[in-house]
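Reading through the structure tokens given below for one structure.
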Number of protein chains: 2
Amino acid sequence: MDIRDGVGSTALLTDQYELTMLAAALADDSAHRRCTFEVFARRLPHGRRYGVVAGTGRVLEALERFQFGEPELAVVAPFLPAKTVDWLRDYRFTGDIDGYAEGELYFPGSPILSVRGSFAECVVLETVVLSILNHDSAIASAAARMVSAAGGRRMIEMGSRRTHELAAPDSSRAAYLAGFDATSNLAAVRRYGVPGAGTSAHAFTLLHAGAAGAGVGAPGTAESEAAAFRSQVEALGIGTTLLVDTYDITRGVATAIEVAGPELGGVRIDSGDLGVLARQVRDQLDGLGATKTRIVVSGDLDEYAIAALRAEPVDVYGVGTSLVTGSGAPTAGMVYKLVEVEGVPVAKRSSHKESRGGTKKAIRLSRETGTIVEEIVYPAAGPMPEVNGFEVRELLVPLVREGKLVDDLPTLSDSRDHVANGLISLPWEGLKLSAGEPAVPTTFVS
Amino acid sequence: MDIRDGVGSTALLTDQYELTMLAAALADDSAHRRCTFEVFARRLPHGRRYGVVAGTGRVLEALERFQFGEPELAVVAPFLPAKTVDWLRDYRFTGDIDGYAEGELYFPGSPILSVRGSFAECVVLETVVLSILNHDSAIASAAARMVSAAGGRRMIEMGSRRTHELAAPDSSRAAYLAGFDATSNLAAVRRYGVPGAGTSAHAFTLLHAGAAGAGVGAPGTAESEAAAFRSQVEALGIGTTLLVDTYDITRGVATAIEVAGPELGGVRIDSGDLGVLARQVRDQLDGLGATKTRIVVSGDLDEYAIAALRAEPVDVYGVGTSLVTGSGAPTAGMVYKLVEVEGVPVAKRSSHKESRGGTKKAIRLSRETGTIVEEIVYPAAGPMPEVNGFEVRELLVPLVREGKLVDDLPTLSDSRDHVANGLISLPWEGLKLSAGEPAVPTTFVS
């Protein structure tokens, strides 16, 4: 059984204050007031021009498992009144949720998720909703920039070792959503059907190098590297990718083609000046007749390094650390705020953290060409703003009605297409990697 | 049942290439060569002076669940030979592991974990070992700097919403290990026994503000804020902490003491210039006779902001985003490298990523005062280097023998003490927050 397969409650993925607030609200009967909580990001990470909503599907999955069994109740009973514990025992979310479709682009203030129900049933969801959206959106937003920078070349996510072991498969999922082609992470292959990839590491070459006594060549010699390559090709076939930079790359490439022949699938370079090396290796491969052997590069790549390699003969990028850490922005900074109580807009007024009261909707305007020009956020209670001369698309779609997931929720593949279409819809400056303003302005109608 | 409670296999928290390497190694019989893999960090994050090893206990727990059942085998069978699948079916780690104790300080090149066994049984552990150590050590290393900066004041971890939902409880664990006092995360309370904390958010005050029609005061008035405070004090007692910055802080503090009286446990400020506000609020509280009411501050605190508040009358720090994202270093950058095969040291030679061959041990030297002065890393096969005039402590301790965890592994509380002692042992400049060199030099004896 996989550690993640729906075997457990998500109810303790929660901050204690949600339950103490609940206790106080149950005590004074404010718990039953009808509320709207909204998820939004006050700003994009420094200089980013767009964000990608990711994690919505996982939020809905977590919602279905947000139930307090006796083991969960035993944890919270010591600090809660009996009445609150009883209320939690029966907890099921019975409200409505609308949200930006998973894979939708977002901008500062976009009402990404709108959760409506009693205060009590909504307030307890804050942490699990934010944890998922903040993590997955951070990864997907970074990944989309890398995919743009790669200009259609194949992208493999290989960052599992640089993030929490259970965040890793969800990082793979977010990267795939944003346009990556494959992942090294087997849990993501299982759980999400992301295509798997990966062949060999330096350890495999060194394993053969270190065993001079075992008759396969002295340490660090061409002979020992050849033994490793030969073994890999025999086990995995001629389409495999050989890692050629354990010792000397030029010799590694020569050995690879000597062992595998010019039909070898690929060679990987994991260190050094990747641009210079890619060009040298391409020339060398072509000279050896291995014109179709692909060049895979990896090693501390981020969107800028990927872009810098655009003119070089690189076929595949393997991206790790910078992807799973959101390339400088490891969390999306989204918040979950109470914006309406019994039909009345509410908002705090403390410095620097103002929020806009009231339940909201949003539309995005585009030209006939499909290029987006503006986002408009407006009160859900009011009419949709009149706009002339633009295509209009509503951004909030129903996700949950009376506690039940709506039918026909998008698949991961649908959401992946949604990201791809979103990136095409950006004005050209929106795809620039340099720091700048959001790709389109957002107007807030009150 | 908690989602994390040992119900699942950890075997797919693995990169595909480990299993393809395994397949090739089983095919050419190199799989059975005796190997050592070592975990180390080539460098500390920019300017850091020390790191804190965290996650060791979790690695050992993951190791015990690293087994391939039929569901896991079904995922890997499509790309592996039948012989490899059969081998995985019977997989149990039978080797030895030594490592730095959880909570030990580390420096560049410290051999944090030494995993010994056949190539096959060691190579498959790479990803899960690194995911755990890289995540937990990143959080603990950042947390330790914050704890030093706080100079003994109470620290609450509240970053769950800004990290993956299943990374959150392990972030709490790492923060507690490093000296934090409590966490908001209920899963961490359950799983690790970290003390819980948390009382109220702006939503609770706004809930009462928005319900003028419900008879508890018009939006944003002192009356509605008072209704919220009264309710919280009634439900949670006089020792609770009231959040006073929803509207106007001075009025919020006045209302808090009016409602709760001068025995109120605490007030929390979550926005604005925290230093200035803390002083004003302290004066106001003292003037109202609430001389023992604590001041809790939160809102985008990192180690530098914490240090900057040192002269202000702050009693408790609540830290979120910067903690769970490692304060600029969200991953510790540790690697898992093959260093020895059948007794022969091996190392790759590619540019910028050299590693040192051979199984290693390490000692740390300190003066009689307890202040550490140097770390020495030396070949495990050789004698311990002779040092005169210093106390000597061996850093690698046995963790696993012939596949079994050793007895009397440290508890989380033991490891927490270990961090505290480690911080005391640093030379004074090692605790500086500014960028600098590692606190002590490391000598590599070959």
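In the structure tokens, each chain is lettered A, B, ... as it comes, each chain's residues begin at 1, and ligands are numbered from 1 in order of appearance.
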
Distance limit 6 Å, atoms considered: only C-alpha atoms. Which chain A residues sit that close to chain B? Return them as a PDB file with N, CA and C atoms, in the first residue's frame.
```
ATOM      1  N   MET A   1       0.845  -1.210   0.000  1.00  0.00           N
ATOM      2  CA  MET A   1       0.000   0.000   0.000  1.00  0.00           C
ATOM      3  C   MET A   1       0.875   1.253   0.000  1.00  0.00           C
ATOM      4  N   ASP A   2       0.532   2.180  -0.802  1.00  0.00           N
ATOM      5  CA  ASP A   2       1.276   3.431  -0.839  1.00  0.00           C
ATOM      6  C   ASP A   2       0.930   4.258   0.387  1.00  0.00           C
ATOM      7  N   ILE A   3       1.914   4.968   0.887  1.00  0.00           N
ATOM      8  CA  ILE A   3       1.740   5.761   2.085  1.00  0.00           C
ATOM      9  C   ILE A   3       0.690   6.849   1.899  1.00  0.00           C
ATOM     10  N   GLY A   8      -5.857   7.718   5.249  1.00  0.00           N
ATOM     11  CA  GLY A   8      -5.870   8.455   6.500  1.00  0.00           C
ATOM     12  C   GLY A   8      -6.711   9.704   6.460  1.00  0.00           C
ATOM     13  N   SER A   9      -6.976  10.181   7.652  1.00  0.00           N
ATOM     14  CA  SER A   9      -7.673  11.446   7.813  1.00  0.00           C
ATOM     15  C   SER A   9      -6.705  12.593   7.542  1.00  0.00           C
ATOM     16  N   LEU A  12      -5.960  16.492  10.929  1.00  0.00           N
ATOM     17  CA  LEU A  12      -4.952  17.103  11.810  1.00  0.00           C
ATOM     18  C   LEU A  12      -3.909  17.906  11.043  1.00  0.00           C
ATOM     19  N   LEU A  13      -4.073  18.014   9.730  1.00  0.00           N
ATOM     20  CA  LEU A  13      -3.176  18.874   8.955  1.00  0.00           C
ATOM     21  C   LEU A  13      -3.695  20.304   9.102  1.00  0.00           C
ATOM     22  N   THR A  14      -3.773  20.729  10.326  1.00  0.00           N
ATOM     23  CA  THR A  14      -4.551  21.891  10.755  1.00  0.00           C
ATOM     24  C   THR A  14      -3.798  22.617  11.850  1.00  0.00           C
ATOM     25  N   ASP A  15      -3.942  23.944  11.875  1.00  0.00           N
ATOM     26  CA  ASP A  15      -3.348  24.720  12.960  1.00  0.00           C
ATOM     27  C   ASP A  15      -4.309  24.770  14.138  1.00  0.00           C
ATOM     28  N   GLN A  16      -3.723  24.676  15.316  1.00  0.00           N
ATOM     29  CA  GLN A  16      -4.540  24.597  16.530  1.00  0.00           C
ATOM     30  C   GLN A  16      -5.548  25.741  16.639  1.00  0.00           C
ATOM     31  N   TYR A  17      -5.166  26.950  16.209  1.00  0.00           N
ATOM     32  CA  TYR A  17      -6.059  28.098  16.429  1.00  0.00           C
ATOM     33  C   TYR A  17      -7.380  27.994  15.684  1.00  0.00           C
ATOM     34  N   THR A  20      -9.530  26.295  18.283  1.00  0.00           N
ATOM     35  CA  THR A  20      -9.869  27.133  19.444  1.00  0.00           C
ATOM     36  C   THR A  20     -10.856  28.229  19.020  1.00  0.00           C
ATOM     37  N   MET A  21     -10.675  28.781  17.826  1.00  0.00           N
ATOM     38  CA  MET A  21     -11.671  29.734  17.302  1.00  0.00           C
ATOM     39  C   MET A  21     -13.030  29.067  17.168  1.00  0.00           C
ATOM     40  N   ALA A  24     -14.721  28.795  20.523  1.00  0.00           N
ATOM     41  CA  ALA A  24     -15.290  30.071  20.968  1.00  0.00           C
ATOM     42  C   ALA A  24     -16.540  30.414  20.161  1.00  0.00           C
ATOM     43  N   VAL A  75      -6.387  13.786  20.117  1.00  0.00           N
ATOM     44  CA  VAL A  75      -5.341  14.816  20.083  1.00  0.00           C
ATOM     45  C   VAL A  75      -5.898  16.181  20.466  1.00  0.00           C
ATOM     46  N   THR A 127      -5.798  25.625   6.944  1.00  0.00           N
ATOM     47  CA  THR A 127      -4.403  25.192   6.803  1.00  0.00           C
ATOM     48  C   THR A 127      -4.220  24.173   5.691  1.00  0.00           C
ATOM     49  N   LEU A 130      -4.486  25.865   2.281  1.00  0.00           N
ATOM     50  CA  LEU A 130      -3.334  26.706   1.945  1.00  0.00           C
ATOM     51  C   LEU A 130      -2.062  25.893   1.747  1.00  0.00           C
ATOM     52  N   SER A 131      -1.855  24.895   2.592  1.00  0.00           N
ATOM     53  CA  SER A 131      -0.638  24.088   2.438  1.00  0.00           C
ATOM     54  C   SER A 131      -0.561  23.521   1.025  1.00  0.00           C
ATOM     55  N   ILE A 132      -1.668  22.975   0.576  1.00  0.00           N
ATOM     56  CA  ILE A 132      -1.663  22.326  -0.732  1.00  0.00           C
ATOM     57  C   ILE A 132      -1.516  23.359  -1.855  1.00  0.00           C
ATOM     58  N   HIS A 135       1.993  25.116  -1.855  1.00  0.00           N
ATOM     59  CA  HIS A 135       3.083  24.258  -2.322  1.00  0.00           C
ATOM     60  C   HIS A 135       2.973  24.002  -3.823  1.00  0.00           C
ATOM     61  N   ARG A 161      15.055  14.371  -4.300  1.00  0.00           N
ATOM     62  CA  ARG A 161      15.995  14.315  -3.184  1.00  0.00           C
ATOM     63  C   ARG A 161      16.198  15.667  -2.513  1.00  0.00           C
ATOM     64  N   ARG A 162      15.701  16.719  -3.136  1.00  0.00           N
ATOM     65  CA  ARG A 162      15.894  18.052  -2.579  1.00  0.00           C
ATOM     66  C   ARG A 162      14.617  18.652  -2.005  1.00  0.00           C
ATOM     67  N   THR A 163      13.654  17.780  -1.716  1.00  0.00           N
ATOM     68  CA  THR A 163      12.445  18.243  -1.050  1.00  0.00           C
ATOM     69  C   THR A 163      11.941  17.142  -0.128  1.00  0.00           C
ATOM     70  N   HIS A 164      11.003  17.466   0.735  1.00  0.00           N
ATOM     71  CA  HIS A 164      10.429  16.471   1.652  1.00  0.00           C
ATOM     72  C   HIS A 164       9.963  15.253   0.866  1.00  0.00           C
ATOM     73  N   GLU A 165      10.161  14.073   1.437  1.00  0.00           N
ATOM     74  CA  GLU A 165       9.908  12.844   0.687  1.00  0.00           C
ATOM     75  C   GLU A 165       8.460  12.712   0.226  1.00  0.00           C
ATOM     76  N   ALA A 167       6.471  15.466  -0.240  1.00  0.00           N
ATOM     77  CA  ALA A 167       6.225  16.588  -1.147  1.00  0.00           C
ATOM     78  C   ALA A 167       6.708  16.236  -2.559  1.00  0.00           C
ATOM     79  N   SER A 184      11.449  11.579 -12.380  1.00  0.00           N
ATOM     80  CA  SER A 184      12.238  10.469 -11.837  1.00  0.00           C
ATOM     81  C   SER A 184      11.507   9.771 -10.692  1.00  0.00           C
ATOM     82  N   ASN A 185      10.466  10.389 -10.160  1.00  0.00           N
ATOM     83  CA  ASN A 185       9.855   9.937  -8.898  1.00  0.00           C
ATOM     84  C   ASN A 185       8.833   8.821  -9.109  1.00  0.00           C
ATOM     85  N   LEU A 186       9.112   7.658  -8.565  1.00  0.00           N
ATOM     86  CA  LEU A 186       8.243   6.507  -8.814  1.00  0.00           C
ATOM     87  C   LEU A 186       6.894   6.618  -8.117  1.00  0.00           C
ATOM     88  N   ALA A 187       6.835   7.310  -6.986  1.00  0.00           N
ATOM     89  CA  ALA A 187       5.540   7.498  -6.321  1.00  0.00           C
ATOM     90  C   ALA A 187       4.615   8.343  -7.198  1.00  0.00           C
ATOM     91  N   ARG A 190       3.244   6.146  -9.917  1.00  0.00           N
ATOM     92  CA  ARG A 190       2.147   5.329  -9.425  1.00  0.00           C
ATOM     93  C   ARG A 190       0.884   6.144  -9.180  1.00  0.00           C
ATOM     94  N   GLY A 198      14.692   7.996 -16.244  1.00  0.00           N
ATOM     95  CA  GLY A 198      15.917   7.893 -15.471  1.00  0.00           C
ATOM     96  C   GLY A 198      16.668   6.620 -15.789  1.00  0.00           C
ATOM     97  N   THR A 199      17.981   6.699 -15.821  1.00  0.00           N
ATOM     98  CA  THR A 199      18.749   5.531 -16.219  1.00  0.00           C
ATOM     99  C   THR A 199      19.910   5.211 -15.286  1.00  0.00           C
ATOM    100  N   SER A 200      20.794   6.169 -15.049  1.00  0.00           N
ATOM    101  CA  SER A 200      22.027   5.820 -14.356  1.00  0.00           C
ATOM    102  C   SER A 200      22.660   7.025 -13.678  1.00  0.00           C
ATOM    103  N   ALA A 203      27.407   6.632  -9.550  1.00  0.00           N
ATOM    104  CA  ALA A 203      27.708   5.467  -8.711  1.00  0.00           C
ATOM    105  C   ALA A 203      27.867   4.205  -9.538  1.00  0.00           C
ATOM    106  N   GLY A 210      35.780   0.660  -9.157  1.00  0.00           N
ATOM    107  CA  GLY A 210      36.381   0.286  -7.889  1.00  0.00           C
ATOM    108  C   GLY A 210      36.694  -1.184  -7.781  1.00  0.00           C
ATOM    109  N   SER A 231      27.466  -2.952 -19.484  1.00  0.00           N
ATOM    110  CA  SER A 231      26.484  -3.583 -18.608  1.00  0.00           C
ATOM    111  C   SER A 231      25.139  -2.858 -18.699  1.00  0.00           C
ATOM    112  N   GLN A 232      25.192  -1.536 -18.711  1.00  0.00           N
ATOM    113  CA  GLN A 232      23.943  -0.770 -18.769  1.00  0.00           C
ATOM    114  C   GLN A 232      23.208  -1.012 -20.090  1.00  0.00           C
ATOM    115  N   ALA A 235      21.612  -4.409 -20.132  1.00  0.00           N
ATOM    116  CA  ALA A 235      20.438  -4.544 -19.269  1.00  0.00           C
ATOM    117  C   ALA A 235      19.271  -3.680 -19.748  1.00  0.00           C
ATOM    118  N   ASP A 245      30.152  11.852 -17.802  1.00  0.00           N
ATOM    119  CA  ASP A 245      31.075  12.816 -17.182  1.00  0.00           C
ATOM    120  C   ASP A 245      31.673  12.364 -15.860  1.00  0.00           C
ATOM    121  N   THR A 246      31.758  11.058 -15.648  1.00  0.00           N
ATOM    122  CA  THR A 246      32.352  10.614 -14.387  1.00  0.00           C
ATOM    123  C   THR A 246      33.851  10.944 -14.352  1.00  0.00           C
ATOM    124  N   TYR A 247      34.528  10.736 -15.465  1.00  0.00           N
ATOM    125  CA  TYR A 247      35.950  11.065 -15.506  1.00  0.00           C
ATOM    126  C   TYR A 247      36.178  12.189 -16.510  1.00  0.00           C
ATOM    127  N   GLY A 272      29.967  20.876 -15.153  1.00  0.00           N
ATOM    128  CA  GLY A 272      30.789  21.674 -16.045  1.00  0.00           C
ATOM    129  C   GLY A 272      29.986  22.727 -16.779  1.00  0.00           C
ATOM    130  N   THR A 331       7.188  29.049  -1.690  1.00  0.00           N
ATOM    131  CA  THR A 331       5.768  29.039  -1.326  1.00  0.00           C
ATOM    132  C   THR A 331       5.090  30.167  -2.085  1.00  0.00           C
ATOM    133  N   LEU A 338     -11.443  35.488   5.633  1.00  0.00           N
ATOM    134  CA  LEU A 338     -12.884  35.693   5.780  1.00  0.00           C
ATOM    135  C   LEU A 338     -13.239  37.017   5.113  1.00  0.00           C
ATOM    136  N   VAL A 341     -19.703  37.858   5.984  1.00  0.00           N
ATOM    137  CA  VAL A 341     -20.460  37.193   7.053  1.00  0.00           C
ATOM    138  C   VAL A 341     -21.928  37.580   6.906  1.00  0.00           C
ATOM    139  N   VAL A 344     -22.662  40.406   4.624  1.00  0.00           N
ATOM    140  CA  VAL A 344     -21.987  41.690   4.842  1.00  0.00           C
ATOM    141  C   VAL A 344     -20.482  41.538   4.591  1.00  0.00           C
ATOM    142  N   VAL A 346     -16.622  41.910   5.009  1.00  0.00           N
ATOM    143  CA  VAL A 346     -15.748  42.247   6.140  1.00  0.00           C
ATOM    144  C   VAL A 346     -14.300  42.261   5.651  1.00  0.00           C
ATOM    145  N   LYS A 348     -10.085  43.275   7.343  1.00  0.00           N
ATOM    146  CA  LYS A 348      -9.318  43.898   8.426  1.00  0.00           C
ATOM    147  C   LYS A 348      -8.641  45.158   7.913  1.00  0.00           C
ATOM    148  N   ARG A 349      -8.234  45.999   8.835  1.00  0.00           N
ATOM    149  CA  ARG A 349      -7.688  47.281   8.424  1.00  0.00           C
ATOM    150  C   ARG A 349      -6.282  47.499   8.935  1.00  0.00           C
ATOM    151  N   SER A 350      -5.646  46.452   9.427  1.00  0.00           N
ATOM    152  CA  SER A 350      -4.303  46.648   9.962  1.00  0.00           C
ATOM    153  C   SER A 350      -3.329  46.928   8.827  1.00  0.00           C
ATOM    154  N   SER A 351      -2.234  47.570   9.178  1.00  0.00           N
ATOM    155  CA  SER A 351      -1.342  48.112   8.146  1.00  0.00           C
ATOM    156  C   SER A 351      -0.737  47.038   7.250  1.00  0.00           C
TER     157      SER A 351
END
```

| task | Assign secondary structure with DSSP using the backbone only, and return the residues of range 14-76 of chain B in strand (DSSP E or B) as a ChimeraX atom specification. | result | /B:15,34-41,51-52

| said: Nearest residue to Thr369 in chain B out of B:Gly117, B:Gly51, B:Pro427, B:Pro313, using only C-alpha atoms? | reply: B:Pro427

| request: Extract the full set of helix (DSSP H, G or I) residues from range 193-328 of chain B according to DSSP on the backbone, and format it as a VMD selection string. | output: chain B and resid 202 to 209 212 to 214 222 to 236 249 to 260 274 to 287 303 to 308 321 to 324 326 to 328

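Across the structure, CA of Pro45 in chain B and CA of Glu61 in chain B are spaced 27.1 Å apart.
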
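Taking CA of Lys432 in chain A and CA of Ala142 in chain A as endpoints, the distance between them is 12.9 Å.
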
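Across the structure, CA of Val115 in chain B and CA of Leu399 in chain B are spaced 9.8 Å apart.
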
| query | If you count only C-alpha atoms, which residues fall within 7 Å of Val419 in chain A, apart from same-chain ones fewer than 6 positions away, as JSON, numbers by chain? | reply | {"A": [103, 104, 178]}

Using N, CA, C and O atoms, can you write the selected residues to a file as a PDB file, in the first residue's frame?
```pdb
ATOM      1  N   GLY A 103      -4.657  24.744 -13.046  1.00  0.00           N
ATOM      2  CA  GLY A 103      -3.914  25.059 -14.263  1.00  0.00           C
ATOM      3  C   GLY A 103      -4.175  26.465 -14.783  1.00  0.00           C
ATOM      4  O   GLY A 103      -3.498  26.925 -15.704  1.00  0.00           O
ATOM      5  N   GLU A 104      -5.157  27.157 -14.194  1.00  0.00           N
ATOM      6  CA  GLU A 104      -5.441  28.540 -14.602  1.00  0.00           C
ATOM      7  C   GLU A 104      -4.279  29.443 -14.194  1.00  0.00           C
ATOM      8  O   GLU A 104      -3.663  29.233 -13.146  1.00  0.00           O
ATOM      9  N   ALA A 178       2.470  21.657 -15.340  1.00  0.00           N
ATOM     10  CA  ALA A 178       2.979  22.875 -15.966  1.00  0.00           C
ATOM     11  C   ALA A 178       3.698  22.606 -17.282  1.00  0.00           C
ATOM     12  O   ALA A 178       4.165  23.540 -17.926  1.00  0.00           O
TER      13      ALA A 178
END
```
